[in-house]
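Peer 1: Once you've had a glance at the structure underneath, I'll fire off some questions.
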Amino acid sequence: MRTQVGIVGAGPAGLLLSHLLHRQGIDSVILEARSRQAIESTIRAGVLEQNTVDLLSETGVGERLQREGFRHHGIFLRFNGRSHRINMHELTGGRAITVYAQHEVIKDLVKTRLEAGGRILFEADAVSLHEVDTPRPTIRFRKDGQIEELSCDFIAGCDGSHSMCRDSIPAGLLRVYEKIYPLAWLGILAEAPRASEELVYTYHDRGFALVSTRSPQIQRLYLQCAPNDQLSSWPDERIWAEFHARLAGEDGWMIHAGPILEKVIVGMRSLVIEPMQHGRLFLVGDAAHVVPPTGAKGLNLAAADARVLADALGAWYNNGQSKPLEEYSATCLRRVWRAQHFSWWMTSMLHRFPDDDHGFQQRLQLSQLSYVCSSRAAATSLAENYVGLERV
Ligand code: FAD
Ligand code: DHB
């Protein structure tokens, strides 16, 4: 089998890349280890930056997102029992975020690719990459128990945070920057009425809590927990009791409890692989970088990388230019490190850390939260990073 760009992984990065390449007349094949049903039903992120919404809309995959997504002009920071609104719309000259689940983005992209004749091989597990520093790299993959080969001009490693494509960058050239946090999130989907029109990021003595939404009837809620916690130690009653304790305040605001449809525990780390390219191999999205979820940046960074790579491959195939491809890693890393900083900063400000030095860190966090909620300059900094910087 042959194609111009061989793509490993049908997450947001791989699917969007394939879609953007198609629009420039460039052929690609996506190899995806899981089934279509599995990728279209895994619950993950939910916040799309203005940039991501614009990209999807401008390239013809934003129709359902515009119709069914919820555009939010602000977020709340809640601490000391009170909510403070950050008016992102006003602070950023009219920009906003849209709450629209990642698996809905996946559904829209898969449908668009398949309708356009795109080739996505589901349950095709890439096992090794070959000749990545030659003009004819290949991907070996296992499908229906057989090993097959995909020969290409370029390989895009869009295979997520446990990337195997990453291993094809020689160890001597690779730098790995990693930070593990002593924190995790317990995420739930609950069938309950919405309690807030906008997201509520809560700082509390007992730990962080986040109130997000999926629809007027389905809510997405997160609680800080310990990284080694098991789901078995979080029965439903304990989860609701913890939300009540962390969200309670003098204003009497509270979420509504309801049947819990899904529970997951997600660990937290920051990871950057440099460079994001080697020879004809390019890493895209979580394969190259992972952020803690507090800044809602993971999916948005994957989309930003896909756009940079699609433009660079377009310049190579259609205009004979190699410079944008050579600069791929450096171009992406500017945004990646900005998002890393923002995600680390939000995480540091909003969680209780087990190693807090007799409450010193807590006092700093409360001071920072008050500052962000009272200074226009500080609030603008949060807002422009949260909705997504146009240029980095
Ligand atoms: P992925 O979405 O991980 O896609 C990679 C794809 O590659 C997968 O479909 C995988 O099956 C496939 N693959 C892997 N290896 C192979 C192989 N060898 N062969 C073929 N296919 C392969 N971000 C937020 O901003 N907010 C959140 O709340 C949030 N929650 C998350 C919860 C969980 C449980 C996880 C895991 C991530 C979460 N994220 C969140 C991060 C966000 O979802 C990711 O940043 C985003 O999915 C990155 O997209 P991607 O396409 O780079 O990688
Ligand atoms: C959601 C996830 C996030 O990581 C975040 O910061 C905000 C919202 C969500 O799943 O809705």
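Here, A, B, ... name the chains of the structure tokens in the order displayed, residue numbers run from 1 inside each chain, and ligands are numbered from 1 in the same displayed order.
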Which protein, DNA or RNA residues have an atom within 10 Å of ligand 2, counting only C-alpha atoms and all ligand atoms, as a PyMOL selection string?
Peer 2: chain A and resi 43-48+75+98-102+185+187-189+199-201+210-214+219-222+291-299+343+346-347+386
Peer 1: Can you tell me which residues surround Phe154 (chain A) at a distance of at most 7 Å, considering only C-alpha atoms, apart from same-chain residues fewer than 4 positions away, and format the answer as a compact mmCIF listing (two decimals) with all heavy atoms, in the first residue's frame?
Peer 2:
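Resulting contents of result21.txt:
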```txt
# COMPACT_ATOMS: atom_id res chain seq x y z
N GLN A 4 0.88 9.39 0.09
CA GLN A 4 1.86 10.48 0.25
C GLN A 4 2.21 10.66 1.74
O GLN A 4 3.37 10.70 2.10
CB GLN A 4 1.29 11.77 -0.36
CG GLN A 4 1.23 11.69 -1.89
CD GLN A 4 0.59 12.92 -2.51
OE1 GLN A 4 -0.55 13.26 -2.21
NE2 GLN A 4 1.32 13.59 -3.40
N VAL A 5 1.18 10.77 2.59
CA VAL A 5 1.45 10.96 4.02
C VAL A 5 0.79 9.81 4.81
O VAL A 5 -0.43 9.66 4.80
CB VAL A 5 0.91 12.33 4.52
CG1 VAL A 5 1.24 12.53 6.00
CG2 VAL A 5 1.49 13.47 3.69
N GLY A 6 1.61 9.01 5.48
CA GLY A 6 1.12 7.93 6.33
C GLY A 6 0.90 8.47 7.73
O GLY A 6 1.81 9.05 8.32
N PRO A 137 10.03 6.46 3.57
CA PRO A 137 9.80 5.78 4.86
C PRO A 137 8.61 4.81 4.76
O PRO A 137 7.76 4.96 3.88
CB PRO A 137 9.47 6.93 5.81
CG PRO A 137 8.95 8.02 4.95
CD PRO A 137 9.63 7.87 3.62
N ARG A 280 11.93 12.27 7.78
CA ARG A 280 10.58 12.40 7.20
C ARG A 280 9.47 12.10 8.22
O ARG A 280 8.33 11.85 7.84
CB ARG A 280 10.45 11.45 6.01
CG ARG A 280 11.32 11.85 4.80
CD ARG A 280 10.74 13.09 4.13
NE ARG A 280 11.47 13.49 2.95
CZ ARG A 280 11.06 13.28 1.69
NH1 ARG A 280 9.94 12.63 1.47
NH2 ARG A 280 11.74 13.73 0.67
N LEU A 281 9.85 12.04 9.51
CA LEU A 281 8.86 11.78 10.56
C LEU A 281 8.52 13.07 11.32
O LEU A 281 9.41 13.80 11.75
CB LEU A 281 9.43 10.75 11.56
CG LEU A 281 8.68 10.59 12.89
CD1 LEU A 281 7.29 9.99 12.67
CD2 LEU A 281 9.49 9.71 13.86
```
Peer 1: Out of A:Ser270, A:Thr331, A:Gln24, A:Thr380, which residue has the shortest atom-to-atom distance to ligand 1 when counting only C-alpha atoms and all ligand atoms?
Peer 2: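 Between A:Ser270, A:Thr331, A:Gln24, A:Thr380, the residue approaching ligand 1 most closely is A:Ser270.
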Peer 1: Using only C-alpha atoms, determine which residues lie at most 10 Å from Ser329 (chain A), disregarding the query and same-chain residues fewer than 2 positions distant; provide the list as number ranges by chain.
Peer 2: A: 273-278, 282-284, 288, 305, 308-309, 324-327, 331-334, 336
Peer 1: Please save N, CA and C atoms of the selected residues as a tab-separated table (two decimals), in the first residue's frame.
Peer 2:
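selection.tsv, written as the output of this step:
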```tsv
chain	number	residue	atom	x	y	z
A	273	ILE	N	8.56	16.66	23.96
A	273	ILE	CA	9.62	15.98	23.22
A	273	ILE	C	10.22	16.98	22.23
A	274	GLU	N	11.52	17.14	22.28
A	274	GLU	CA	12.19	18.03	21.32
A	274	GLU	C	13.31	17.27	20.62
A	275	PRO	N	13.47	17.41	19.32
A	275	PRO	CA	12.58	18.11	18.39
A	275	PRO	C	11.37	17.26	18.07
A	276	MET	N	10.36	17.89	17.46
A	276	MET	CA	9.13	17.16	17.12
A	276	MET	C	9.24	16.53	15.73
A	277	GLN	N	10.45	16.47	15.17
A	277	GLN	CA	10.61	15.89	13.84
A	277	GLN	C	11.98	15.25	13.71
A	278	HIS	N	12.07	14.28	12.80
A	278	HIS	CA	13.36	13.69	12.45
A	278	HIS	C	13.22	13.12	11.05
A	282	PHE	N	7.22	13.30	11.50
A	282	PHE	CA	6.76	14.48	12.25
A	282	PHE	C	5.80	14.03	13.34
A	283	LEU	N	6.06	14.46	14.58
A	283	LEU	CA	5.15	14.14	15.69
A	283	LEU	C	4.12	15.25	15.82
A	284	VAL	N	2.87	14.86	16.07
A	284	VAL	CA	1.76	15.83	16.11
A	284	VAL	C	0.91	15.55	17.35
A	288	ALA	N	3.83	14.32	20.92
A	288	ALA	CA	4.98	15.20	21.17
A	288	ALA	C	4.89	15.96	22.49
A	305	ASP	N	-0.90	21.99	15.94
A	305	ASP	CA	0.20	21.27	15.27
A	305	ASP	C	-0.26	20.78	13.89
A	308	VAL	N	-0.16	23.49	11.35
A	308	VAL	CA	1.21	23.88	10.94
A	308	VAL	C	1.78	22.83	9.98
A	309	LEU	N	1.58	21.54	10.31
A	309	LEU	CA	2.13	20.49	9.46
A	309	LEU	C	1.43	20.43	8.10
A	324	PRO	N	9.28	25.61	5.41
A	324	PRO	CA	8.24	25.44	6.45
A	324	PRO	C	8.31	24.05	7.11
A	325	LEU	N	8.67	23.02	6.34
A	325	LEU	CA	8.80	21.68	6.93
A	325	LEU	C	10.00	21.62	7.88
A	326	GLU	N	11.11	22.24	7.44
A	326	GLU	CA	12.31	22.25	8.30
A	326	GLU	C	12.01	22.97	9.61
A	327	GLU	N	11.14	23.97	9.55
A	327	GLU	CA	10.85	24.78	10.75
A	327	GLU	C	9.67	24.26	11.55
A	331	THR	N	8.39	25.99	15.02
A	331	THR	CA	7.14	26.74	14.95
A	331	THR	C	6.15	26.23	16.00
A	332	CYS	N	5.99	24.90	16.06
A	332	CYS	CA	5.01	24.34	17.01
A	332	CYS	C	5.45	24.57	18.46
A	333	LEU	N	6.75	24.42	18.71
A	333	LEU	CA	7.21	24.48	20.11
A	333	LEU	C	6.96	25.84	20.76
A	334	ARG	N	6.89	26.90	19.96
A	334	ARG	CA	6.59	28.21	20.57
A	334	ARG	C	5.22	28.17	21.25
A	336	VAL	N	3.55	25.37	22.02
A	336	VAL	CA	3.55	24.28	23.00
A	336	VAL	C	4.06	24.78	24.35
```
Peer 1: With distances taken over only C-alpha atoms, which residue among A:Arg391, A:Tyr181, A:Ala330, A:Ser370 lies nearest Arg85 (chain A)?
Peer 2: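 Of A:Arg391, A:Tyr181, A:Ala330, A:Ser370, the one nearest Arg85 (chain A), counting only C-alpha atoms, is A:Ser370.
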Peer 1: Among region 188-269 of chain A, which residues carry a DSSP assignment of strand (DSSP E), reported as a PyMOL selection string?
Peer 2: chain A and resi 188-191+200-202+209-213+218-225+260-269
Peer 1: DSSP on the backbone: what in region 3-204 of chain A comes out helix (DSSP H, G or I), as a PyMOL selection string?
Peer 2: chain A and resi 12-23+36-39+50-58+63-68+88-91+102-115+165-168
Peer 1: Rounded to one decimal, what separation in Å do you get between CA of Ser232 (chain A) and CA of Ala190 (chain A)?
Peer 2: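 Here the two named atoms are 17.5 Å from each other.
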Peer 1: Could you please determine the separation between CA of Ala156 (chain A) and CA of Gly60 (chain A) in Å, to one decimal place?
Peer 2: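 So the answer is 22.3 Å.
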Peer 1: Gly94 (chain A): which residues within 12 Å, counting only C-alpha atoms, same-chain residues fewer than 6 positions away excluded, as a compact mmCIF listing (two decimals) with C-alpha atoms, in the first residue's frame?
Peer 2:
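Produced file out.txt, reproduced below:
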```
# COMPACT_ATOMS: atom_id res chain seq x y z
CA GLN A 50 -11.53 30.18 19.40
CA ARG A 71 -20.25 29.28 23.24
CA HIS A 72 -19.03 30.63 26.60
CA HIS A 73 -17.94 34.24 27.02
CA GLY A 74 -16.52 33.80 30.51
CA ASN A 87 -15.17 38.10 31.27
CA MET A 88 -13.01 36.57 28.54
CA ALA A 383 -8.34 35.22 29.40
CA GLU A 384 -6.13 35.54 26.32
CA VAL A 387 -9.37 31.41 24.68
```
Peer 1: To one decimal place, how far is CA of Val53 (chain A) from CA of His289 (chain A) in Å?
Peer 2: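 For CA of Val53 (chain A) relative to CA of His289 (chain A), the distance reads 21.1 Å.
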Peer 1: Any idea what's packed within 7 Å of region 192-195 of chain A, counting only C-alpha atoms, ignoring anything in its chain fewer than 4 positions away? Could you give it as a ChimeraX atom specification?
Peer 2: /A:216-219,254-258
Peer 1: Ranking A:Asp251, A:Glu131, A:Asp286, A:Glu58 by minimum distance to ligand 1 and counting only C-alpha atoms and all ligand atoms, which one comes first?
Peer 2: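 Going through A:Asp251, A:Glu131, A:Asp286, A:Glu58 one by one, the smallest distance to ligand 1 is for A:Asp286.
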Peer 1: Please provide as a PyMOL selection string all residues within 7 Å of Ile106 (chain A), with the sequence filter that same-chain residues fewer than 4 positions apart are discarded (counting only C-alpha atoms).
Peer 2: chain A and resi 11-12+40+102+110
Peer 1: Extract, using only C-alpha atoms, all DNA, RNA and protein residues at most 9 Å from Ile26 (chain A), discarding same-chain residues fewer than 6 positions from it, and format them as an NGL selection string.
Peer 2: :A and (4-5 or 18 or 20 or 313-314 or 317)
Peer 1: Could you write out that same residue set with N, CA and C atoms as a PDB file, in the first residue's frame?
Peer 2:
```pdb
ATOM      1  N   GLN A   4       0.878   9.392   0.088  1.00  0.00           N
ATOM      2  CA  GLN A   4       1.856  10.482   0.252  1.00  0.00           C
ATOM      3  C   GLN A   4       2.211  10.662   1.738  1.00  0.00           C
ATOM      4  N   VAL A   5       1.180  10.773   2.586  1.00  0.00           N
ATOM      5  CA  VAL A   5       1.446  10.959   4.022  1.00  0.00           C
ATOM      6  C   VAL A   5       0.795   9.815   4.810  1.00  0.00           C
ATOM      7  N   SER A  18      -5.305  14.773   8.214  1.00  0.00           N
ATOM      8  CA  SER A  18      -5.737  14.110   6.988  1.00  0.00           C
ATOM      9  C   SER A  18      -6.744  14.989   6.231  1.00  0.00           C
ATOM     10  N   LEU A  20      -7.090  18.332   6.446  1.00  0.00           N
ATOM     11  CA  LEU A  20      -6.446  19.556   5.921  1.00  0.00           C
ATOM     12  C   LEU A  20      -5.573  19.226   4.703  1.00  0.00           C
ATOM     13  N   LEU A 313       3.383  20.854   4.608  1.00  0.00           N
ATOM     14  CA  LEU A 313       3.357  19.811   3.572  1.00  0.00           C
ATOM     15  C   LEU A 313       2.745  20.377   2.282  1.00  0.00           C
ATOM     16  N   GLY A 314       1.775  21.265   2.431  1.00  0.00           N
ATOM     17  CA  GLY A 314       1.182  21.934   1.266  1.00  0.00           C
ATOM     18  C   GLY A 314       2.244  22.756   0.537  1.00  0.00           C
ATOM     19  N   TYR A 317       4.601  20.140  -1.298  1.00  0.00           N
ATOM     20  CA  TYR A 317       4.033  19.468  -2.467  1.00  0.00           C
ATOM     21  C   TYR A 317       3.609  20.458  -3.567  1.00  0.00           C
TER      22      TYR A 317
END
```
Peer 1: Nearest residue to Cys158 (chain A) out of A:Ala126, A:Leu350, A:Leu91, A:Leu231, using only C-alpha atoms?
Peer 2: A:Ala126
Peer 1: Just checking: using only C-alpha atoms, which residue out of A:His130, A:Ile155, A:Ile86, A:Tyr203 ends up closest to Ala377 (chain A)?
Peer 2: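 Nearest candidate to Ala377 (chain A) out of A:His130, A:Ile155, A:Ile86, A:Tyr203: A:Ile86.
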Peer 1: Between A:Ala379, A:Ala33, A:Cys225, A:Leu15, which residue has the minimum interatomic distance to ligand 1, considering only C-alpha atoms and all ligand atoms?
Peer 2: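 Closest candidate: A:Ala33.
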